[in-house]
Structures are given as C-alpha cells and as structure tokens.
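K.L.:
File my_file-v6.cif follows (mmCIF, C-alpha atoms and all ligand atoms):
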```cif
data_protein
loop_
_atom_site.label_atom_id
_atom_site.label_comp_id
_atom_site.auth_asym_id
_atom_site.auth_seq_id
_atom_site.Cartn_x
_atom_site.Cartn_y
_atom_site.Cartn_z
CA MET A 1 -16.24 21.72 -5.08
CA LYS A 2 -13.66 19.60 -6.95
CA SER A 3 -12.94 16.20 -5.42
CA ALA A 4 -9.85 14.05 -5.75
CA ILE A 5 -8.92 10.40 -5.42
CA ILE A 6 -5.89 9.09 -3.54
CA LEU A 7 -4.95 5.46 -4.16
CA ASP A 8 -2.85 3.12 -2.10
CA LEU A 9 -0.70 0.82 -4.27
CA ASP A 10 -0.05 -2.61 -2.75
CA GLY A 11 -3.30 -4.58 -2.60
CA VAL A 12 -5.34 -1.84 -4.31
CA ILE A 13 -3.75 -1.46 -7.75
CA CYS A 14 -1.78 -4.69 -7.87
CA ASP A 15 -1.45 -7.89 -5.90
CA THR A 16 1.95 -6.93 -4.46
CA ALA A 17 0.52 -7.21 -0.93
CA HIS A 18 0.78 -10.96 -1.50
CA PHE A 19 4.43 -10.68 -2.56
CA HIS A 20 5.23 -8.65 0.58
CA PHE A 21 3.56 -11.42 2.59
CA LEU A 22 5.59 -14.17 0.89
CA ALA A 23 8.88 -12.35 1.58
CA TRP A 24 7.99 -11.64 5.23
CA HIS A 25 6.80 -15.24 5.63
CA ARG A 26 10.21 -16.48 4.47
CA LEU A 27 12.06 -14.20 6.87
CA ALA A 28 9.79 -15.03 9.83
CA ALA A 29 10.41 -18.75 9.18
CA GLU A 30 14.12 -18.11 9.75
CA TYR A 31 13.17 -16.77 13.18
CA GLY A 32 11.18 -19.97 13.85
CA TYR A 33 7.83 -18.18 13.45
CA GLU A 34 5.08 -19.13 10.98
CA LEU A 35 3.58 -15.82 9.82
CA THR A 36 -0.19 -16.12 9.33
CA GLN A 37 -2.60 -14.27 7.05
CA ALA A 38 -4.11 -12.72 10.20
CA ASP A 39 -0.64 -11.38 11.18
CA ASN A 40 -0.34 -10.05 7.64
CA GLU A 41 -3.50 -7.94 8.01
CA GLN A 42 -1.59 -5.98 10.69
CA LEU A 43 1.41 -5.61 8.39
CA LYS A 44 -0.48 -4.16 5.42
CA GLY A 45 0.31 -0.48 4.92
CA VAL A 46 3.10 -0.59 7.49
CA SER A 47 6.62 0.54 6.53
CA ARG A 48 9.39 -1.98 5.93
CA ALA A 49 11.23 -1.29 9.19
CA ASP A 50 8.06 -1.14 11.32
CA SER A 51 6.95 -4.44 9.75
CA LEU A 52 10.19 -6.13 10.78
CA THR A 53 9.88 -4.76 14.32
CA PHE A 54 6.34 -6.17 14.47
CA ILE A 55 7.47 -9.60 13.22
CA LEU A 56 10.36 -9.72 15.69
CA GLY A 57 7.82 -9.07 18.44
CA LEU A 58 5.69 -11.99 17.22
CA ALA A 59 8.75 -14.25 17.03
CA ASN A 60 9.99 -13.00 20.40
CA LYS A 61 13.37 -12.28 18.89
CA THR A 62 15.86 -9.41 19.05
CA LEU A 63 18.47 -8.50 16.45
CA SER A 64 21.55 -6.28 16.44
CA THR A 65 21.11 -3.08 14.41
CA GLU A 66 23.42 -4.54 11.80
CA GLN A 67 21.41 -7.77 11.48
CA PHE A 68 18.13 -5.82 11.50
CA ASN A 69 19.30 -3.77 8.51
CA GLU A 70 20.69 -6.83 6.77
CA ASP A 71 17.34 -8.65 7.17
CA LEU A 72 15.49 -5.61 5.77
CA ARG A 73 17.83 -5.73 2.80
CA ARG A 74 17.29 -9.47 2.26
CA LYS A 75 13.50 -9.17 2.56
CA ASN A 76 13.54 -6.47 -0.09
CA GLU A 77 15.80 -8.55 -2.32
CA TRP A 78 13.28 -11.42 -2.17
CA TYR A 79 10.40 -9.02 -2.80
CA LEU A 80 12.18 -7.51 -5.83
CA ASP A 81 12.72 -10.99 -7.20
CA LEU A 82 8.97 -11.69 -6.87
CA VAL A 83 7.96 -8.49 -8.72
CA LYS A 84 10.64 -8.53 -11.41
CA ASP A 85 8.42 -10.09 -14.08
CA MET A 86 5.38 -7.89 -13.42
CA GLY A 87 3.90 -6.03 -16.36
CA PRO A 88 0.79 -4.08 -17.41
CA LEU A 89 -1.42 -7.17 -17.15
CA ASP A 90 -0.53 -7.65 -13.47
CA VAL A 91 -3.12 -5.27 -12.04
CA LEU A 92 -6.05 -6.28 -9.87
CA PRO A 93 -9.51 -6.80 -11.43
CA GLY A 94 -11.30 -3.56 -12.28
CA VAL A 95 -8.16 -1.43 -12.37
CA PRO A 96 -8.20 -0.64 -16.14
CA SER A 97 -11.86 0.47 -16.12
CA PHE A 98 -11.33 2.52 -12.93
CA PHE A 99 -8.35 4.38 -14.43
CA ALA A 100 -10.26 4.95 -17.69
CA GLU A 101 -13.15 6.49 -15.73
CA VAL A 102 -10.83 8.71 -13.65
CA ALA A 103 -9.17 9.98 -16.86
CA ALA A 104 -12.49 10.53 -18.67
CA ARG A 105 -13.84 12.53 -15.73
CA LYS A 106 -10.52 14.40 -15.29
CA ILE A 107 -10.48 13.56 -11.57
CA PRO A 108 -7.25 14.67 -9.82
CA LEU A 109 -5.42 11.47 -8.88
CA ALA A 110 -2.61 10.85 -6.39
CA LEU A 111 -0.76 7.84 -5.05
CA GLY A 112 -0.24 7.54 -1.30
CA SER A 113 1.96 4.51 -0.67
CA ALA A 114 4.06 3.29 2.25
CA SER A 115 6.41 1.50 -0.15
CA LYS A 116 9.86 2.64 -1.23
CA ASN A 117 9.29 0.53 -4.34
CA ALA A 118 6.15 2.40 -5.42
CA ASN A 119 7.63 4.22 -8.43
CA MET A 120 9.22 1.03 -9.73
CA VAL A 121 6.02 -1.03 -9.39
CA LEU A 122 3.86 1.69 -10.99
CA THR A 123 6.31 1.93 -13.87
CA ARG A 124 6.23 -1.86 -14.35
CA VAL A 125 2.43 -1.96 -14.55
CA GLY A 126 2.44 1.06 -16.88
CA LEU A 127 0.33 3.38 -14.71
CA ILE A 128 2.84 5.96 -13.50
CA GLN A 129 1.74 8.55 -16.08
CA ALA A 130 -1.86 8.40 -14.82
CA PHE A 131 -0.98 10.17 -11.56
CA ASP A 132 -0.96 13.90 -10.95
CA ALA A 133 1.04 13.39 -7.74
CA ILE A 134 2.94 10.52 -6.12
CA VAL A 135 3.80 10.25 -2.43
CA ASP A 136 5.80 7.25 -1.31
CA ALA A 137 7.76 6.20 1.78
CA SER A 138 10.80 8.26 0.77
CA GLN A 139 8.85 11.53 1.10
CA VAL A 140 7.36 11.22 4.59
CA SER A 141 8.79 11.07 8.08
CA GLN A 142 5.80 9.28 9.65
CA GLY A 143 4.25 6.26 7.96
CA LYS A 144 0.66 5.02 8.10
CA PRO A 145 -1.40 5.04 10.35
CA HIS A 146 -0.08 8.63 10.63
CA PRO A 147 -1.91 10.77 8.02
CA GLU A 148 1.24 12.48 6.64
CA THR A 149 1.27 10.43 3.40
CA PHE A 150 -2.30 11.36 2.45
CA ILE A 151 -2.10 14.97 3.67
CA LYS A 152 0.98 15.47 1.51
CA ALA A 153 -0.81 13.89 -1.46
CA ALA A 154 -3.80 16.22 -0.98
CA GLU A 155 -1.45 19.22 -0.75
CA LEU A 156 0.32 18.25 -3.97
CA LEU A 157 -3.05 17.98 -5.72
CA GLY A 158 -4.20 21.29 -4.22
CA ILE A 159 -7.43 19.70 -2.94
CA ALA A 160 -8.71 20.03 0.64
CA PRO A 161 -8.50 16.76 2.66
CA GLU A 162 -12.29 16.63 3.16
CA ASN A 163 -12.66 16.47 -0.62
CA CYS A 164 -10.27 13.55 -1.01
CA LEU A 165 -11.44 9.96 -1.19
CA VAL A 166 -8.77 7.41 -0.20
CA PHE A 167 -8.83 3.79 -1.44
CA GLU A 168 -7.06 1.46 0.96
CA ASP A 169 -6.72 -2.27 1.64
CA SER A 170 -5.02 -1.85 5.04
CA ALA A 171 -6.28 -1.03 8.52
CA ALA A 172 -3.28 1.30 8.98
CA GLY A 173 -4.16 3.12 5.75
CA VAL A 174 -7.86 3.49 6.58
CA GLN A 175 -6.84 4.92 9.95
CA ALA A 176 -4.40 7.32 8.23
CA ALA A 177 -7.12 8.58 5.89
CA ILE A 178 -9.60 9.16 8.70
CA SER A 179 -6.97 10.89 10.87
CA GLY A 180 -6.24 13.16 7.91
CA GLY A 181 -9.89 14.20 7.66
CA MET A 182 -10.60 12.11 4.55
CA LYS A 183 -13.13 9.42 3.73
CA ALA A 184 -11.83 5.92 3.11
CA VAL A 185 -13.07 3.27 0.72
CA GLY A 186 -12.00 -0.14 2.02
CA ILE A 187 -10.76 -2.62 -0.56
CA GLY A 188 -11.55 -5.66 1.52
CA SER A 189 -14.04 -6.75 4.16
CA ALA A 190 -15.80 -4.66 6.81
CA GLU A 191 -14.35 -7.08 9.33
CA ASP A 192 -10.74 -6.26 8.35
CA LEU A 193 -11.37 -2.55 7.64
CA PRO A 194 -14.07 -1.42 10.11
CA GLY A 195 -13.40 2.33 9.76
CA ALA A 196 -13.99 2.57 6.02
CA ALA A 197 -17.14 4.33 4.76
CA ILE A 198 -17.82 1.65 2.14
CA HIS A 199 -16.25 -1.68 1.26
CA LEU A 200 -15.52 -3.02 -2.22
CA ALA A 201 -13.83 -6.17 -3.50
CA ASN A 202 -11.84 -4.14 -6.03
CA LEU A 203 -11.61 -0.71 -7.71
CA GLY A 204 -13.89 -1.84 -10.54
CA GLU A 205 -16.85 -1.94 -8.14
CA PHE A 206 -16.64 1.81 -7.41
CA ASP A 207 -19.70 3.74 -8.58
CA PHE A 208 -18.63 7.16 -9.92
CA THR A 209 -22.23 8.35 -10.32
CA ASN A 210 -22.27 10.68 -7.33
CA PHE A 211 -18.57 11.57 -7.42
CA SER A 212 -17.76 15.07 -8.66
C1 LIG A 301 3.09 -1.04 1.94
C2 LIG A 301 2.74 -2.51 2.07
O1 LIG A 301 2.44 -0.51 0.82
O2 LIG A 301 4.49 -0.87 1.78
C3 LIG A 301 3.54 -3.16 3.17
O3 LIG A 301 1.36 -2.62 2.36
C4 LIG A 301 5.04 -2.92 2.92
O4 LIG A 301 3.29 -4.55 3.18
C5 LIG A 301 5.28 -1.41 2.84
O5 LIG A 301 5.82 -3.47 3.98
C6 LIG A 301 6.75 -1.07 2.60
O6 LIG A 301 7.11 -1.49 1.31
P1 LIG A 301 8.60 -1.50 0.77
O7 LIG A 301 8.44 -1.82 -0.69
O8 LIG A 301 9.19 -0.15 1.02
O9 LIG A 301 9.33 -2.56 1.52
MG MG A 302 -2.02 -1.57 0.61
#
```
Could you write out this file's structure as structure tokens?
Ligand code: BG6
Ligand code: MG
P.N.:
Amino acid sequence: MKSAIILDLDGVICDTAHFHFLAWHRLAAEYGYELTQADNEQLKGVSRADSLTFILGLANKTLSTEQFNEDLRRKNEWYLDLVKDMGPLDVLPGVPSFFAEVAARKIPLALGSASKNANMVLTRVGLIQAFDAIVDASQVSQGKPHPETFIKAAELLGIAPENCLVFEDSAAGVQAAISGGMKAVGIGSAEDLPGAAIHLANLGEFDFTNFS
C-alpha cells in the first residue's frame, strides 16, 4: 500500500510561525494585551480571522466589522514585511535532507496549510516544485482543527487518509489530522502536541526506514 506525506508549512518547513507571532504580538499590544508564547501555542494552525477573534477574547475587546477587517489587513502587512527577505536558506534544520529523501523515495507529497500566504512562502524558499498537491486556506471552508485541509490534500494525492502521515507543529493541526483518520508526527514537544504519534524537533529527525 502506497503511503503519502502531508506537511504543514509554518513552523514545520520554515520559521514563519515566529513571524506570525511577532505580528500578532504587535497587534495585541495595541489592544493593551501582552501576547505570550503560551497564547501563541493556541494560535498555531488557526486561520487569520479565527486568530484575531481569539486575541480579542484574550484582550476582552470588541471591534466593528470594519475595524476587524482593517486589523486583519494590517497584521498581514506586518507579516509580509517580516517574510519579504526570506530565501532558500530560510528553512528549518533538517528540511533539505527530508525533501531529498522524499524525492529519492518518490513519496507522494502534499502541503496542508492554514495560511493564505502558503504559495508565496513556498516559492520564496524554493520548495514549491517539490509538492504533488498544495492545499491552503483559500481552498477550504473549514480551517484546522477541522480535517478538511488534510482530507482534500489526501484526495488530490489519490491516497487513502489512513495511509497519510501528517507533520504538524500545532495542536489544531494534530487534531485535524487525527479527525481525518491520519497519523500525526508532532514537530514539537509531547506537552504541546499530546495527540501526535511521535514527536520530533524537526523534519530531519524523521526515520524513513519503515515508511513505504
Ligand atoms: C497558519 C499559522 O499556518 O496560518 C497561523 O500557523 C496563521 O499562525 C495561519 O495565523 C493563517 O496565515 P495567513 O498567512 O493566512 O495569515
Ligand atoms: Mg504550523
């Protein structure tokens, strides 16, 4: 039975999870709230609009629809400014060897990202051609922790969900993978990602020996 790999982007392939945090931190400060790293664990994998709703809850603040959309726009502007100089060297440790192994073994590979900036970031780091299928926030109606992103990725690859292994750095993403009938590899600690089958510090630690 052929197996496939589905990768999250932010925090798995590149350190853009940190840039999302910096931009949200700046916006939350305007609301008089100091966003913490612990808050950020809850934001990982969560769509832009759902993230803002979550932060407004933390800050105990409400916004008009117009201001809400304007703040989403500003957050993204700050994020784009942070990623504008990214290039092929700006991938997390172990990424080049992981992609080389996937290519050598001809493993079907998909992206399953909650970001609307996924195509742009993948292009910047020079990895877009490595994927057989890409699913980002623009192609789903329900974001993580709903499994739609990963189910769609599996469908595009033509591989059954139970034969897909999802690599995720977010609790929402691990939950999405499990809800979709897939196994999750947590990029991060067992404490932050309790549902994942195994935990690795980065993609380079993955052992392909028993993967077919
Ligand atoms: C996810 C990130 O991949 O994408 C979240 O983990 C981010 O932090 C979300 O909020 C949406 O990204 P974007 O680029 O559409 O604002
Ligand atoms: Mg992520």
K.L.:
Would you pick out the contacts of region 65-68 of chain A at 12 Å or less, using all atoms listed in the file, so that residues sharing its chain but fewer than 2 positions from it are not included, and give the list as a count of residues only?
P.N.:
18
K.L.:
Would you mind listing the residues within 6 Å of ligand LIG 301 (chain A), counting all atoms listed in the file, as a PyMOL selection string?
P.N.:
chain A and resi 10+17+20+43-48+51+76+113-117
K.L.:
Would you tabulate, counting only C-alpha atoms and all ligand atoms, all residues of chain A that have an atom at most 6 Å from an atom of ligand MG 302 (chain A), showing the closest pair of atoms and their distance in Å to one decimal, sorted by chain then ascending number, as CSV?
P.N.:
```
residue,atom,partner,partner_atom,distance
A:Asp8,CA,A:MG302,MG,5.5
A:Leu9,CA,A:MG302,MG,5.6
A:Asp10,CA,A:MG302,MG,4.0
A:Gly11,CA,A:MG302,MG,4.6
A:Val12,CA,A:MG302,MG,5.9
A:Lys44,CA,A:MG302,MG,5.7
A:Gly45,CA,A:MG302,MG,5.0
A:Glu168,CA,A:MG302,MG,5.9
A:Asp169,CA,A:MG302,MG,4.9
A:Ser170,CA,A:MG302,MG,5.4
```
K.L.:
List every protein, DNA or RNA residue with an atom no more than 6 Å from (-4.6, 11.2, -13.4) in the file's coordinates, counting only C-alpha atoms, and format the result as a ChimeraX atom specification.
P.N.:
/A:103,108-109,130-132
K.L.:
Neighbours of Val95 (chain A) within 10 Å (only C-alpha atoms; same-chain residues fewer than 3 positions away dropped), as a PyMOL selection string?
P.N.:
chain A and resi 12-14+90-92+98-101+202-205
K.L.:
Using CA of Ala59 (chain A) and CA of Tyr31 (chain A) as the two end points, give the distance in Å to one decimal.
P.N.:
6.4 Å
K.L.:
Just checking: using only C-alpha atoms, which residue out of A:Leu22, A:Val125, A:Val140, A:Ile187 ends up closest to Ala153 (chain A)?
P.N.:
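Going through A:Leu22, A:Val125, A:Val140, A:Ile187 one by one, the smallest distance to Ala153 (chain A) is for A:Val140.
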K.L.:
For a test of reading the model, state the distance in Å between CA of Leu165 (chain A) and CA of Ala4 (chain A), rounded to one decimal.
P.N.:
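Between CA of Leu165 (chain A) and CA of Ala4 (chain A) the gap is 6.3 Å.
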K.L.:
As an exercise, work out the distance from CA of Ala201 (chain A) to CA of Gly173 (chain A) in Å and give it to one decimal place.
P.N.:
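Interatomic distance, CA of Ala201 (chain A) to CA of Gly173 (chain A): 16.3 Å.
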K.L.:
If we count all atoms listed in the file, what is near Ala184 (chain A) at a cut-off of 12 Å, once residues fewer than 5 positions away on the same chain are taken out, given as a count of residues only?
P.N.:
33
K.L.:
So that I can check the surroundings of region 33-37 of chain A, please list as a list in words every protein, DNA and RNA residue that reaches within 9 Å of it, counting only C-alpha atoms and ignoring chain neighbours fewer than 5 positions away.
P.N.:
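Close residues of region 33-37 of chain A: Phe21, Trp24, His25, Arg26, Leu27, Ala28, Ile55, Leu58, Ala59 and Asn60 of chain A.
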K.L.:
Using all atoms listed in the file for the distances, tell me which of A:Phe208, A:Pro93, A:Lys84, A:Gln139 is nearest to Leu111 (chain A).
P.N.:
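Looking only at the distances to Leu111 (chain A), the closest residue turns out to be A:Gln139.
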K.L.:
Name the closest residue to Pro145 (chain A) among the candidates A:Gly180, A:Ile128, A:Asn69, A:Phe19; distances are taken between atoms, counting all atoms listed in the file.
P.N.:
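Ranked by minimum distance to Pro145 (chain A), first place goes to A:Gly180.
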K.L.:
Supply region 19-30 of chain A as a tab-separated table (two decimals), in the frame of the given file, with all heavy atoms built in where the input has gaps.
P.N.:
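Result file follows (rebuild14.tsv):
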```tsv
chain	number	residue	atom	x	y	z
A	19	PHE	N	2.98	-10.50	-2.44
A	19	PHE	CA	4.43	-10.68	-2.56
A	19	PHE	C	5.15	-10.20	-1.28
A	19	PHE	O	6.13	-10.81	-0.85
A	19	PHE	CB	4.98	-9.94	-3.79
A	19	PHE	CG	4.50	-10.50	-5.11
A	19	PHE	CD1	4.27	-9.67	-6.19
A	19	PHE	CD2	4.28	-11.87	-5.25
A	19	PHE	CE1	3.84	-10.19	-7.40
A	19	PHE	CE2	3.85	-12.40	-6.47
A	19	PHE	CZ	3.63	-11.55	-7.54
A	20	HIS	N	4.65	-9.09	-0.71
A	20	HIS	CA	5.23	-8.65	0.58
A	20	HIS	C	5.05	-9.76	1.61
A	20	HIS	O	5.97	-10.08	2.37
A	20	HIS	CB	4.54	-7.37	1.07
A	20	HIS	CG	5.00	-6.12	0.37
A	20	HIS	ND1	6.28	-5.62	0.50
A	20	HIS	CD2	4.35	-5.26	-0.45
A	20	HIS	CE1	6.40	-4.51	-0.21
A	20	HIS	NE2	5.24	-4.27	-0.80
A	21	PHE	N	3.84	-10.35	1.62
A	21	PHE	CA	3.56	-11.42	2.59
A	21	PHE	C	4.53	-12.59	2.40
A	21	PHE	O	5.09	-13.10	3.38
A	21	PHE	CB	2.11	-11.89	2.47
A	21	PHE	CG	1.81	-13.11	3.29
A	21	PHE	CD1	1.78	-13.06	4.68
A	21	PHE	CD2	1.58	-14.34	2.69
A	21	PHE	CE1	1.52	-14.19	5.45
A	21	PHE	CE2	1.32	-15.48	3.44
A	21	PHE	CZ	1.30	-15.40	4.82
A	22	LEU	N	4.72	-13.02	1.15
A	22	LEU	CA	5.59	-14.17	0.89
A	22	LEU	C	7.01	-13.89	1.40
A	22	LEU	O	7.65	-14.77	1.99
A	22	LEU	CB	5.62	-14.49	-0.60
A	22	LEU	CG	4.33	-15.04	-1.21
A	22	LEU	CD1	4.52	-15.27	-2.72
A	22	LEU	CD2	3.91	-16.33	-0.52
A	23	ALA	N	7.51	-12.69	1.16
A	23	ALA	CA	8.88	-12.35	1.58
A	23	ALA	C	8.98	-12.28	3.11
A	23	ALA	O	9.94	-12.79	3.70
A	23	ALA	CB	9.31	-11.03	0.94
A	24	TRP	N	7.98	-11.69	3.75
A	24	TRP	CA	7.99	-11.64	5.23
A	24	TRP	C	7.85	-13.04	5.80
A	24	TRP	O	8.46	-13.38	6.83
A	24	TRP	CB	6.87	-10.75	5.76
A	24	TRP	CG	7.06	-9.28	5.60
A	24	TRP	CD1	6.16	-8.41	5.06
A	24	TRP	CD2	8.19	-8.49	6.01
A	24	TRP	NE1	6.67	-7.14	5.10
A	24	TRP	CE2	7.91	-7.16	5.67
A	24	TRP	CE3	9.42	-8.80	6.60
A	24	TRP	CZ2	8.81	-6.12	5.92
A	24	TRP	CZ3	10.32	-7.77	6.85
A	24	TRP	CH2	10.02	-6.46	6.51
A	25	HIS	N	7.02	-13.86	5.16
A	25	HIS	CA	6.80	-15.24	5.63
A	25	HIS	C	8.13	-16.00	5.64
A	25	HIS	O	8.46	-16.71	6.60
A	25	HIS	CB	5.77	-15.92	4.73
A	25	HIS	CG	5.34	-17.27	5.21
A	25	HIS	ND1	6.03	-18.43	4.91
A	25	HIS	CD2	4.31	-17.65	6.00
A	25	HIS	CE1	5.43	-19.46	5.48
A	25	HIS	NE2	4.38	-19.01	6.15
A	26	ARG	N	8.90	-15.80	4.58
A	26	ARG	CA	10.21	-16.48	4.47
A	26	ARG	C	11.16	-16.02	5.57
A	26	ARG	O	11.87	-16.83	6.18
A	26	ARG	CB	10.78	-16.18	3.08
A	26	ARG	CG	12.12	-16.82	2.82
A	26	ARG	CD	12.51	-16.62	1.36
A	26	ARG	NE	13.89	-17.01	1.14
A	26	ARG	CZ	14.53	-16.88	-0.01
A	26	ARG	NH1	13.91	-16.39	-1.06
A	26	ARG	NH2	15.79	-17.26	-0.13
A	27	LEU	N	11.16	-14.72	5.83
A	27	LEU	CA	12.06	-14.20	6.87
A	27	LEU	C	11.61	-14.68	8.26
A	27	LEU	O	12.44	-15.13	9.07
A	27	LEU	CB	12.08	-12.67	6.81
A	27	LEU	CG	13.15	-11.98	7.66
A	27	LEU	CD1	14.56	-12.39	7.21
A	27	LEU	CD2	13.01	-10.47	7.58
A	28	ALA	N	10.31	-14.61	8.51
A	28	ALA	CA	9.79	-15.03	9.83
A	28	ALA	C	10.12	-16.50	10.09
A	28	ALA	O	10.43	-16.89	11.23
A	28	ALA	CB	8.27	-14.80	9.89
A	29	ALA	N	10.09	-17.32	9.03
A	29	ALA	CA	10.41	-18.75	9.18
A	29	ALA	C	11.84	-18.92	9.69
A	29	ALA	O	12.12	-19.82	10.48
A	29	ALA	CB	10.21	-19.47	7.85
A	30	GLU	N	12.73	-18.05	9.25
A	30	GLU	CA	14.12	-18.11	9.75
A	30	GLU	C	14.18	-17.84	11.25
A	30	GLU	O	15.10	-18.29	11.92
A	30	GLU	CB	14.99	-17.07	9.02
A	30	GLU	CG	15.30	-17.41	7.60
A	30	GLU	CD	16.34	-16.45	7.00
A	30	GLU	OE1	16.86	-15.59	7.73
A	30	GLU	OE2	16.60	-16.57	5.80
```
